[in-house]
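Dropping entry26.cif in here (mmCIF, C-alpha atoms (C1' of nucleotides)):
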data_input
loop_
_atom_site.label_atom_id
_atom_site.label_comp_id
_atom_site.auth_asym_id
_atom_site.auth_seq_id
_atom_site.Cartn_x
_atom_site.Cartn_y
_atom_site.Cartn_z
CA MET R 136 0.00 0.00 0.00
CA ALA R 137 1.25 3.42 -0.86
CA ARG R 138 2.75 5.66 1.74
CA LYS R 139 0.12 7.93 3.06
CA ARG R 140 -0.01 11.32 1.43
CA PHE R 141 -1.98 14.36 2.48
CA ASP R 142 -2.46 16.43 -0.66
CA ASP R 143 -6.10 16.91 0.13
CA SER R 144 -5.82 17.13 3.87
CA ASN R 145 -7.67 19.89 5.57
CA CYS R 146 -4.63 20.51 7.75
CA SER R 147 -1.98 22.81 6.40
CA VAL R 148 0.70 21.16 8.50
CA ALA R 149 -0.09 17.86 6.84
CA ARG R 150 0.01 19.50 3.41
CA ALA R 151 3.33 21.12 4.26
CA LEU R 152 4.78 17.83 5.45
CA ASN R 153 3.63 16.38 2.18
CA GLU R 154 6.21 18.54 0.42
CA VAL R 155 9.06 18.76 2.88
CA GLY R 156 8.20 16.15 5.48
CA ASP R 157 10.68 13.46 4.55
CA TRP R 158 14.18 12.87 5.75
CA TRP R 159 15.99 14.74 3.03
CA SER R 160 13.91 17.54 1.60
CA LEU R 161 14.38 20.03 4.41
CA LEU R 162 18.09 19.27 4.54
CA ILE R 163 18.32 20.01 0.84
CA VAL R 164 16.49 23.29 1.37
CA LEU R 165 18.83 24.10 4.24
CA GLN R 166 21.82 23.34 2.08
CA ALA R 167 20.39 25.60 -0.59
CA MET R 168 20.16 28.35 2.03
CA TYR R 169 23.85 27.81 2.70
CA GLY R 170 24.37 28.71 -0.95
CA THR R 171 24.62 25.30 -2.57
CA ARG R 172 23.12 25.21 -6.05
CA ARG R 173 24.72 22.38 -7.98
CA TYR R 174 23.69 18.77 -8.08
CA VAL R 175 27.18 17.48 -7.33
CA ASP R 176 27.62 19.87 -4.45
CA PHE R 177 24.36 18.77 -2.83
CA GLN R 178 25.44 15.22 -3.31
CA GLN R 179 28.82 15.60 -1.73
CA GLU R 180 27.88 17.94 1.07
CA LEU R 181 24.85 15.95 2.16
CA GLY R 182 26.24 12.50 1.49
CA ILE R 183 22.93 11.57 -0.13
CA ALA R 184 22.52 8.80 -2.69
CA LYS R 185 22.32 10.14 -6.21
CA ASN R 186 18.98 8.58 -7.08
CA ILE R 187 17.42 9.89 -3.89
CA LEU R 188 18.83 13.32 -4.60
CA CYS R 189 17.39 13.23 -8.12
CA ASP R 190 14.02 12.27 -6.78
CA ARG R 191 13.98 14.92 -4.04
CA LEU R 192 15.25 17.69 -6.29
CA SER R 193 12.65 16.99 -8.93
CA ARG R 194 9.95 16.78 -6.31
CA LEU R 195 11.03 20.08 -4.81
CA VAL R 196 11.04 21.56 -8.29
CA ASP R 197 7.57 20.15 -8.94
CA ASN R 198 6.41 21.76 -5.72
CA GLU R 199 8.09 25.02 -6.68
CA VAL R 200 10.34 25.08 -3.66
CA LEU R 201 13.35 25.02 -5.97
CA ALA R 202 13.74 26.17 -9.55
CA LYS R 203 15.93 24.26 -12.00
CA VAL R 204 17.86 26.70 -14.14
CA ASN R 205 20.03 25.80 -17.08
CA VAL R 206 23.16 27.88 -16.72
CA GLY R 207 25.26 26.07 -19.32
CA GLU R 208 27.22 28.13 -21.81
CA HIS R 209 27.38 25.46 -24.49
CA GLY R 210 25.92 22.31 -23.08
CA ALA R 211 23.64 21.78 -20.12
CA ARG R 212 24.66 22.83 -16.63
CA TYR R 213 21.99 23.14 -14.02
CA GLU R 214 21.46 25.08 -10.88
CA TYR R 215 18.78 24.46 -8.30
CA ARG R 216 17.80 27.77 -6.77
CA LEU R 217 15.43 28.58 -3.98
CA THR R 218 12.17 30.17 -5.04
CA ASP R 219 10.25 32.62 -2.89
CA LYS R 220 8.29 29.65 -1.63
CA GLY R 221 11.51 27.91 -0.73
CA ARG R 222 12.99 30.96 0.95
CA ASP R 223 9.80 31.20 2.98
CA LEU R 224 10.85 27.99 4.70
CA PHE R 225 13.49 30.02 6.49
CA PRO R 226 11.43 30.38 9.70
CA VAL R 227 10.72 26.66 9.67
CA VAL R 228 14.36 25.75 9.32
CA ILE R 229 15.48 28.24 11.93
CA ALA R 230 12.81 27.11 14.38
CA LEU R 231 13.95 23.53 13.90
CA ARG R 232 17.56 24.52 14.30
CA GLN R 233 16.92 26.40 17.51
CA TRP R 234 14.92 23.49 18.86
CA GLY R 235 17.68 21.08 17.98
CA ASP R 236 20.31 23.31 19.54
CA LYS R 237 18.32 23.65 22.72
CA TRP R 238 17.32 20.03 23.24
CA ASN R 239 19.99 18.12 21.38
CA PRO R 240 23.12 20.19 21.64
CA ALA R 241 25.94 19.27 19.33
CA PRO R 242 28.22 16.52 20.62
CA ASN R 243 31.23 18.75 20.19
CA GLY R 244 29.53 21.61 22.00
CA SER R 245 29.60 24.00 19.09
CA ALA R 246 26.77 26.48 19.50
CA LEU R 247 24.40 28.06 17.07
CA ASP R 248 25.89 31.23 15.74
CA LEU R 249 23.71 32.78 13.10
CA ARG R 250 24.30 36.45 12.72
CA ASP R 251 22.86 39.38 10.89
CA ARG R 252 25.24 39.89 8.00
CA ALA R 253 24.88 43.64 8.22
CA THR R 254 25.17 44.28 11.93
CA GLY R 255 27.04 41.18 13.01
CA ARG R 256 24.57 40.58 15.82
CA PRO R 257 23.10 37.15 16.56
CA ILE R 258 19.55 36.37 15.54
CA GLY R 259 16.87 36.14 18.16
CA GLN R 260 15.01 33.13 19.46
CA MET R 261 11.87 32.43 17.47
CA HIS R 262 8.55 32.40 19.20
CA VAL R 263 4.87 32.38 18.45
CA SER R 264 3.39 35.70 19.36
CA ASP R 265 0.23 37.74 19.06
CA ALA R 266 -0.14 40.81 16.91
CA ASP R 267 1.75 42.93 19.43
CA GLY R 268 4.65 40.53 19.72
CA LYS R 269 3.61 39.11 23.06
CA PRO R 270 4.88 35.53 23.21
CA LEU R 271 2.27 32.80 23.26
CA THR R 272 2.66 29.21 24.36
CA VAL R 273 0.63 26.29 23.12
CA ARG R 274 -1.60 26.70 26.15
CA ASP R 275 -2.37 30.32 25.31
CA VAL R 276 -3.66 29.52 21.88
CA PHE R 277 -6.93 28.10 20.75
CA LEU R 278 -6.19 25.55 18.07
CA PRO R 279 -9.30 24.78 16.04
CA GLU R 280 -9.47 21.12 15.12
CA PRO R 281 -9.45 20.33 11.44
CA ALA R 282 -12.80 19.25 10.14
CA ASP R 283 -12.50 15.52 9.62
CA ASP R 284 -9.26 14.13 8.28
CA ALA R 285 -5.66 13.62 9.27
CA GLY R 286 -3.84 16.11 11.36
CA MET B 208 21.40 -0.53 3.98
CA ALA B 209 19.77 1.25 6.85
CA ARG B 210 18.05 4.54 6.45
CA LYS B 211 20.47 7.27 7.13
CA ARG B 212 20.33 8.68 10.63
CA PHE B 213 21.99 11.79 11.94
CA ASP B 214 22.42 11.24 15.65
CA ASP B 215 25.99 12.39 15.50
CA SER B 216 25.57 15.03 12.88
CA ASN B 217 27.16 18.36 13.53
CA CYS B 218 24.03 20.05 12.23
CA SER B 219 21.24 20.66 14.69
CA VAL B 220 18.64 20.65 11.94
CA ALA B 221 19.73 17.14 11.01
CA ARG B 222 19.60 16.05 14.62
CA ALA B 223 16.15 17.57 14.98
CA LEU B 224 14.93 15.82 11.85
CA ASN B 225 16.26 12.65 13.33
CA GLU B 226 13.60 12.88 16.01
CA VAL B 227 10.66 14.47 14.25
CA GLY B 228 11.65 14.34 10.59
CA ASP B 229 9.41 11.54 9.41
CA TRP B 230 5.93 11.63 8.04
CA TRP B 231 4.06 11.04 11.27
CA SER B 232 5.97 12.33 14.25
CA LEU B 233 5.21 16.01 13.82
CA LEU B 234 1.56 15.24 13.11
CA ILE B 235 1.40 13.29 16.35
CA VAL B 236 2.95 16.22 18.19
CA LEU B 237 0.46 18.55 16.54
CA GLN B 238 -2.39 16.29 17.55
CA ALA B 239 -1.05 16.31 21.09
CA MET B 240 -1.13 20.10 20.97
CA TYR B 241 -4.78 19.84 20.03
CA GLY B 242 -5.24 18.03 23.31
CA THR B 243 -5.17 14.39 22.26
CA ARG B 244 -3.56 12.13 24.82
CA ARG B 245 -4.88 8.62 24.34
CA TYR B 246 -3.56 5.97 22.01
CA VAL B 247 -6.94 5.22 20.48
CA ASP B 248 -7.67 8.88 19.93
CA PHE B 249 -4.39 9.42 18.10
CA GLN B 250 -5.17 6.37 16.05
CA GLN B 251 -8.63 7.43 15.03
CA GLU B 252 -7.97 11.12 14.55
CA LEU B 253 -4.83 10.64 12.48
CA GLY B 254 -5.93 7.53 10.62
CA ILE B 255 -2.52 6.02 11.29
CA ALA B 256 -1.81 2.31 11.33
CA LYS B 257 -1.58 0.97 14.85
CA ASN B 258 1.90 -0.49 14.53
CA ILE B 259 3.26 2.74 13.10
CA LEU B 260 1.60 4.68 15.88
CA CYS B 261 3.17 2.38 18.48
CA ASP B 262 6.56 2.83 16.93
CA ARG B 263 6.30 6.61 16.68
CA LEU B 264 4.90 7.05 20.16
CA SER B 265 7.63 4.98 21.74
CA ARG B 266 10.26 6.79 19.72
CA LEU B 267 8.86 10.15 20.77
CA VAL B 268 8.84 8.92 24.37
CA ASP B 269 12.44 7.73 24.01
CA ASN B 270 13.37 11.15 22.71
CA GLU B 271 11.46 12.79 25.56
CA VAL B 272 9.10 14.66 23.29
CA LEU B 273 6.19 12.84 24.89
CA ALA B 274 5.84 11.27 28.30
CA LYS B 275 3.91 8.04 28.78
CA VAL B 276 1.87 8.23 31.96
CA ASN B 277 -0.13 5.43 33.49
CA VAL B 278 -3.42 6.94 34.55
CA GLY B 279 -5.25 3.67 35.21
CA GLU B 280 -7.26 3.39 38.41
CA HIS B 281 -7.07 -0.38 38.68
CA GLY B 282 -5.32 -1.64 35.61
CA ALA B 283 -3.21 0.13 33.01
CA ARG B 284 -4.48 3.11 31.05
CA TYR B 285 -1.96 5.33 29.38
CA GLU B 286 -1.73 8.93 28.36
CA TYR B 287 0.90 10.43 26.12
CA ARG B 288 1.58 13.95 27.21
CA LEU B 289 3.77 16.63 25.74
CA THR B 290 6.93 17.35 27.67
CA ASP B 291 8.58 20.75 27.77
CA LYS B 292 10.72 19.57 24.90
CA GLY B 293 7.61 18.62 22.97
CA ARG B 294 5.85 21.89 23.73
CA ASP B 295 8.94 23.66 22.47
CA LEU B 296 8.10 22.35 19.01
CA PHE B 297 5.26 24.85 18.95
CA PRO B 298 7.18 27.42 16.87
CA VAL B 299 8.19 24.70 14.42
CA VAL B 300 4.63 23.51 13.97
CA ILE B 301 3.25 27.01 13.66
CA ALA B 302 5.93 28.03 11.17
CA LEU B 303 5.09 24.96 9.09
CA ARG B 304 1.41 25.69 9.36
CA GLN B 305 1.81 29.27 8.23
CA TRP B 306 3.99 28.17 5.35
CA GLY B 307 1.43 25.60 4.30
CA ASP B 308 -1.40 28.08 4.55
CA LYS B 309 0.47 30.62 2.48
CA TRP B 310 1.74 28.38 -0.30
CA ASN B 311 -0.73 25.50 -0.27
CA PRO B 312 -4.00 26.97 0.84
CA ALA B 313 -6.69 24.55 1.84
CA PRO B 314 -8.79 23.21 -1.02
CA ASN B 315 -11.95 24.34 0.70
CA GLY B 316 -10.53 27.80 1.32
CA SER B 317 -10.69 27.61 5.08
CA ALA B 318 -8.08 29.91 6.51
CA LEU B 319 -5.80 29.62 9.46
CA ASP B 320 -7.47 31.00 12.51
CA LEU B 321 -5.33 30.54 15.57
CA ARG B 322 -6.20 32.96 18.30
CA ASP B 323 -4.94 34.00 21.66
CA ARG B 324 -7.27 32.27 24.07
CA ALA B 325 -7.22 35.21 26.43
CA THR B 326 -7.66 38.15 24.07
CA GLY B 327 -9.30 36.43 21.14
CA ARG B 328 -6.88 38.04 18.74
CA PRO B 329 -5.18 36.13 15.94
CA ILE B 330 -1.55 35.15 16.27
CA GLY B 331 1.08 36.93 14.26
CA GLN B 332 3.11 35.73 11.33
CA MET B 333 6.34 34.11 12.44
CA HIS B 334 9.61 35.52 11.25
CA VAL B 335 13.29 35.28 11.89
CA SER B 336 14.48 38.47 13.49
CA ASP B 337 17.47 40.03 15.13
CA ALA B 338 17.68 40.87 18.81
CA ASP B 339 15.55 43.99 18.30
CA GLY B 340 12.85 42.19 16.40
CA LYS B 341 13.90 43.45 12.99
CA PRO B 342 12.88 40.80 10.44
CA LEU B 343 15.70 39.01 8.66
CA THR B 344 15.58 37.06 5.44
CA VAL B 345 17.85 34.22 4.47
CA ARG B 346 19.95 36.74 2.57
CA ASP B 347 20.46 38.90 5.63
CA VAL B 348 21.91 36.11 7.68
CA PHE B 349 25.32 34.57 7.66
CA LEU B 350 24.85 30.82 7.94
CA PRO B 351 28.05 29.14 9.04
CA GLU B 352 28.52 25.84 7.29
CA PRO B 353 28.67 22.80 9.50
CA ALA B 354 32.12 21.36 9.82
CA ASP B 355 32.09 18.26 7.68
CA ASP B 356 29.03 16.05 7.66
CA ALA B 357 25.47 16.01 6.50
CA GLY B 358 23.42 19.13 6.53
"C1'" DA F 253 42.80 10.41 -27.33
"C1'" DA F 254 42.20 9.79 -22.53
"C1'" DA F 255 40.58 11.34 -18.28
"C1'" DT F 256 37.46 13.79 -15.56
"C1'" DA F 257 33.17 16.08 -14.16
"C1'" DG F 258 28.25 16.93 -14.47
"C1'" DG F 259 23.71 14.99 -14.20
"C1'" DG F 260 21.56 11.61 -14.11
"C1'" DT F 261 19.20 6.15 -14.68
"C1'" DT F 262 19.03 1.21 -13.60
"C1'" DG F 263 19.34 -3.02 -10.60
"C1'" DC F 264 19.27 -4.99 -6.50
"C1'" DG F 265 19.12 -5.88 -1.62
"C1'" DT F 266 17.48 -4.01 2.82
"C1'" DT F 267 14.46 -1.38 5.49
"C1'" DA F 268 10.20 1.07 6.52
"C1'" DC F 269 5.37 1.51 5.92
"C1'" DG F 270 0.35 0.14 5.88
"C1'" DA F 271 -3.60 -2.95 6.48
"C1'" DA F 272 -5.57 -6.42 8.74
"C1'" DA F 273 -5.57 -10.13 11.99
"C1'" DC F 274 -4.80 -11.40 16.42
"C1'" DC F 275 -4.22 -10.99 21.61
"C1'" DG F 276 -4.53 -10.29 26.71
"C1'" DA F 277 -6.11 -7.27 30.23
"C1'" DA F 278 -9.70 -4.09 31.71
"C1'" DT F 279 -14.13 -2.21 31.46
"C1'" DT F 280 -19.04 -2.06 30.57
"C1'" DG F 281 -23.78 -3.97 30.12
"C1'" DG F 282 -27.19 -6.94 31.34
"C1'" DC S 168 -21.57 -13.87 36.60
"C1'" DC S 169 -21.00 -13.96 31.56
"C1'" DA S 170 -20.69 -11.60 27.04
"C1'" DA S 171 -19.29 -7.83 24.46
"C1'" DT S 172 -16.49 -4.01 23.88
"C1'" DT S 173 -12.44 -1.00 24.67
"C1'" DC S 174 -7.57 -0.25 25.31
"C1'" DG S 175 -2.96 -0.84 24.02
"C1'" DG S 176 -0.57 -3.10 21.68
"C1'" DT S 177 2.23 -7.36 18.54
"C1'" DT S 178 2.49 -10.30 14.39
"C1'" DT S 179 2.19 -11.27 9.63
"C1'" DC S 180 2.65 -10.09 5.11
"C1'" DG S 181 2.74 -7.46 0.84
"C1'" DT S 182 4.28 -3.02 -1.13
"C1'" DA S 183 6.93 1.20 -1.29
"C1'" DA S 184 11.02 3.74 -0.22
"C1'" DC S 185 15.92 3.96 0.72
"C1'" DG S 186 20.94 3.26 -0.08
"C1'" DC S 187 24.69 1.61 -2.70
"C1'" DA S 188 27.06 0.55 -6.68
"C1'" DA S 189 27.37 0.32 -11.48
"C1'" DC S 190 26.47 2.22 -15.68
"C1'" DC S 191 25.50 5.99 -19.31
"C1'" DC S 192 25.79 10.10 -22.13
"C1'" DT S 193 27.43 14.73 -22.78
"C1'" DA S 194 30.84 18.21 -22.16
"C1'" DT S 195 35.11 19.87 -20.67
"C1'" DT S 196 39.97 19.48 -19.64
"C1'" DT S 197 44.77 17.52 -20.38
#
Can you give me the file's structure in the form of structure tokens?
Amino acid sequence: MARKRFDDSNCSVARALNEVGDWWSLLIVLQAMYGTRRYVDFQQELGIAKNILCDRLSRLVDNEVLAKVNVGEHGARYEYRLTDKGRDLFPVVIALRQWGDKWNPAPNGSALDLRDRATGRPIGQMHVSDADGKPLTVRDVFLPEPADDAG
Amino acid sequence: MARKRFDDSNCSVARALNEVGDWWSLLIVLQAMYGTRRYVDFQQELGIAKNILCDRLSRLVDNEVLAKVNVGEHGARYEYRLTDKGRDLFPVVIALRQWGDKWNPAPNGSALDLRDRATGRPIGQMHVSDADGKPLTVRDVFLPEPADDAG
DNA sequence: AAATAGGGTTGCGTTACGAAACCGAATTGG
DNA sequence: CCAATTCGGTTTCGTAACGCAACCCTATTT
């Protein structure tokens, strides 16, 4: 039986996981945010199998998270670039990173050190907040249940 | 060959995905945020196979995202409750939800409507920001590459 | 001409996933 | 007290995904 998919789910989290909810896709997006654009570079830097990389890249392109651009002068040379949709995953990736740093610190103790390129200052901790910026926890928020299906 | 795992990865995103990076785990956490605590309720509300649910629940318990509590009066009745670590996934889930709502709106057009329980006001859009709250895009931030391995 | 790099595809074995069946303890109903 | 149902799983089995290695074609470099 096919792996469950949630294209038609009423829950946007489920639909989001449908596109980037597997082991590799978010890591590829992260790597793209590091500046990686070439197939071979993704392959070497992530240590991912080539067929899996092909599959994930084309799926991300299908979902318009990445754009495949032919940059070859004579023949074909491709770049996979983040789209606006892909760049919009930035908060997701950073939230995951901060969670991982907090609860599963690196074995070697190296800390998160993301900084504003312009000012050199570290980025702030992400939080859910109301319109005024007041932080909200899961208990403060009313989460309407989805209508009927998964998630 | 075994599915690649990233327990020892130098990248906190990879380590985070190691714990909640599969199809179901985040949906289970989300469901727990909705208030679900019982095995059967997870099973029915998510439509997940029982063996997969068992596996994911015990893995989430192992990773201390959920806590398994025996609430039985006479015999054994269990509840799976979010830990602090699990509740800390709130920004991740909300960021994913907002991304999904923006780029893959629900087929039926129903919008996100998360509100502060106290004030009744909707929650704000999540963003990466500097210490003063100034929003930062992926281009504004210097992302140090991990030392050597995946992600 | 040979070697190398880029961007894949194909085969094959192992692992994970999903559905359904089954199971023992606990609870509920009569 | 007995039967049926609920709870929280485990087992079995077929399919899908993953990971590796090998191969392939084109283009560039030596």
Target residues per the PyMOL selection byres ((chain B) within 12 of (chain F)), formatted as an MDAnalysis selection string: chainID B and resid 208:211 229:231 254:260 262:263 279:284
Residue subset to file, keeping C-alpha atoms, as a tab-separated table (two decimals), keeping the file's coordinate frame:
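again.tsv was written with the following content:
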chain	number	residue	atom	x	y	z
B	208	MET	CA	21.40	-0.53	3.98
B	209	ALA	CA	19.77	1.25	6.85
B	210	ARG	CA	18.05	4.54	6.45
B	211	LYS	CA	20.47	7.27	7.13
B	229	ASP	CA	9.41	11.54	9.41
B	230	TRP	CA	5.93	11.63	8.04
B	231	TRP	CA	4.06	11.04	11.27
B	254	GLY	CA	-5.93	7.53	10.62
B	255	ILE	CA	-2.52	6.02	11.29
B	256	ALA	CA	-1.81	2.31	11.33
B	257	LYS	CA	-1.58	0.97	14.85
B	258	ASN	CA	1.90	-0.49	14.53
B	259	ILE	CA	3.26	2.74	13.10
B	260	LEU	CA	1.60	4.68	15.88
B	262	ASP	CA	6.56	2.83	16.93
B	263	ARG	CA	6.30	6.61	16.68
B	279	GLY	CA	-5.25	3.67	35.21
B	280	GLU	CA	-7.26	3.39	38.41
B	281	HIS	CA	-7.07	-0.38	38.68
B	282	GLY	CA	-5.32	-1.64	35.61
B	283	ALA	CA	-3.21	0.13	33.01
B	284	ARG	CA	-4.48	3.11	31.05
For chain S versus chain R, which residues have an atom no more than 12 Å away, and what is each residue's nearest atom pair and distance in Å rounded to one decimal, using all atoms listed in the file, chain-then-number order, as JSON lines?
{"residue": "S:DC180", "atom": "C1'", "partner": "R:Met136", "partner_atom": "CA", "distance": 11.6}
{"residue": "S:DG181", "atom": "C1'", "partner": "R:Met136", "partner_atom": "CA", "distance": 8.0}
{"residue": "S:DT182", "atom": "C1'", "partner": "R:Met136", "partner_atom": "CA", "distance": 5.4}
{"residue": "S:DA183", "atom": "C1'", "partner": "R:Ala137", "partner_atom": "CA", "distance": 6.1}
{"residue": "S:DA184", "atom": "C1'", "partner": "R:Arg138", "partner_atom": "CA", "distance": 8.7}
{"residue": "S:DC185", "atom": "C1'", "partner": "R:Ile187", "partner_atom": "CA", "distance": 7.7}
{"residue": "S:DG186", "atom": "C1'", "partner": "R:Ala184", "partner_atom": "CA", "distance": 6.3}
{"residue": "S:DC187", "atom": "C1'", "partner": "R:Ala184", "partner_atom": "CA", "distance": 7.5}
{"residue": "S:DA188", "atom": "C1'", "partner": "R:Ala184", "partner_atom": "CA", "distance": 10.2}
{"residue": "S:DT193", "atom": "C1'", "partner": "R:Gly210", "partner_atom": "CA", "distance": 7.7}
{"residue": "S:DA194", "atom": "C1'", "partner": "R:Gly210", "partner_atom": "CA", "distance": 6.5}
{"residue": "S:DT195", "atom": "C1'", "partner": "R:Gly210", "partner_atom": "CA", "distance": 9.8}
Just-selected residues, C-alpha atoms (C1' of nucleotides) written as a PDB file, in the coordinates of the input:
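Ended up saving to result.pdb:
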ATOM      1  C1'  DC S 180       2.650 -10.090   5.110  1.00  0.00           C
ATOM      2  C1'  DG S 181       2.740  -7.460   0.840  1.00  0.00           C
ATOM      3  C1'  DT S 182       4.280  -3.020  -1.130  1.00  0.00           C
ATOM      4  C1'  DA S 183       6.930   1.200  -1.290  1.00  0.00           C
ATOM      5  C1'  DA S 184      11.020   3.740  -0.220  1.00  0.00           C
ATOM      6  C1'  DC S 185      15.920   3.960   0.720  1.00  0.00           C
ATOM      7  C1'  DG S 186      20.940   3.260  -0.080  1.00  0.00           C
ATOM      8  C1'  DC S 187      24.690   1.610  -2.700  1.00  0.00           C
ATOM      9  C1'  DA S 188      27.060   0.550  -6.680  1.00  0.00           C
ATOM     10  C1'  DT S 193      27.430  14.730 -22.780  1.00  0.00           C
ATOM     11  C1'  DA S 194      30.840  18.210 -22.160  1.00  0.00           C
ATOM     12  C1'  DT S 195      35.110  19.870 -20.670  1.00  0.00           C
TER      13       DT S 195
END
Hits of the PyMOL selection byres ((chain B and resi 264) around 9) in this structure, as a PyMOL selection string: chain B and resi 232+235+246+259-263+265-269+273+275+287
Answer key for the PyMOL selection byres ((chain R and resi 257-269) around 9), residues as a ChimeraX atom specification: /R:226,229-230,233,248-251,254-256,270-273 /B:297-298,301-302,322-323,328-340,343,348
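With distances taken over all atoms listed in the file, R:Leu181 is the one residue among R:Cys146, R:Val200, R:Leu181, R:Leu161 lying closest to chain B.
For the residues R:Thr218, R:Gly170, R:Asn239, R:Leu165, ranking by smallest atom-to-atom distance to Glu271 of chain B using only C-alpha atoms places R:Asn239 first.
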Atom CA of Asn270 of chain B to atom CA of Ala241 of chain R, distance in Å rounded to a single decimal: 15.3 Å
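Of the residues listed (R:Val204, R:Val175, R:Val227, R:Val155), R:Val227 shows the shortest atom-to-atom separation from chain B; distances use all atoms listed in the file.
From atom CA of Arg232 of chain R back to atom CA of Phe349 of chain B, the distance works out to 14.3 Å.
Closest approach to chain R from the set B:Ser219, B:Asp248, B:Glu286, B:Gly293 is made by B:Ser219, with distances taken over only C-alpha atoms.
Nearest residue to chain R, choosing from B:Phe249, B:Thr243, B:Asp347, B:Val278 and counting all atoms listed in the file: B:Asp347.
You can rank R:Ala167, R:Leu217, R:Ala202, R:Leu224 by their closest distance to chain B using only C-alpha atoms, and at the top of that list sits R:Leu224.
Reported to one decimal place, the separation of atom CA of Pro240 of chain R from atom CA of Ala223 of chain B is 10.0 Å.
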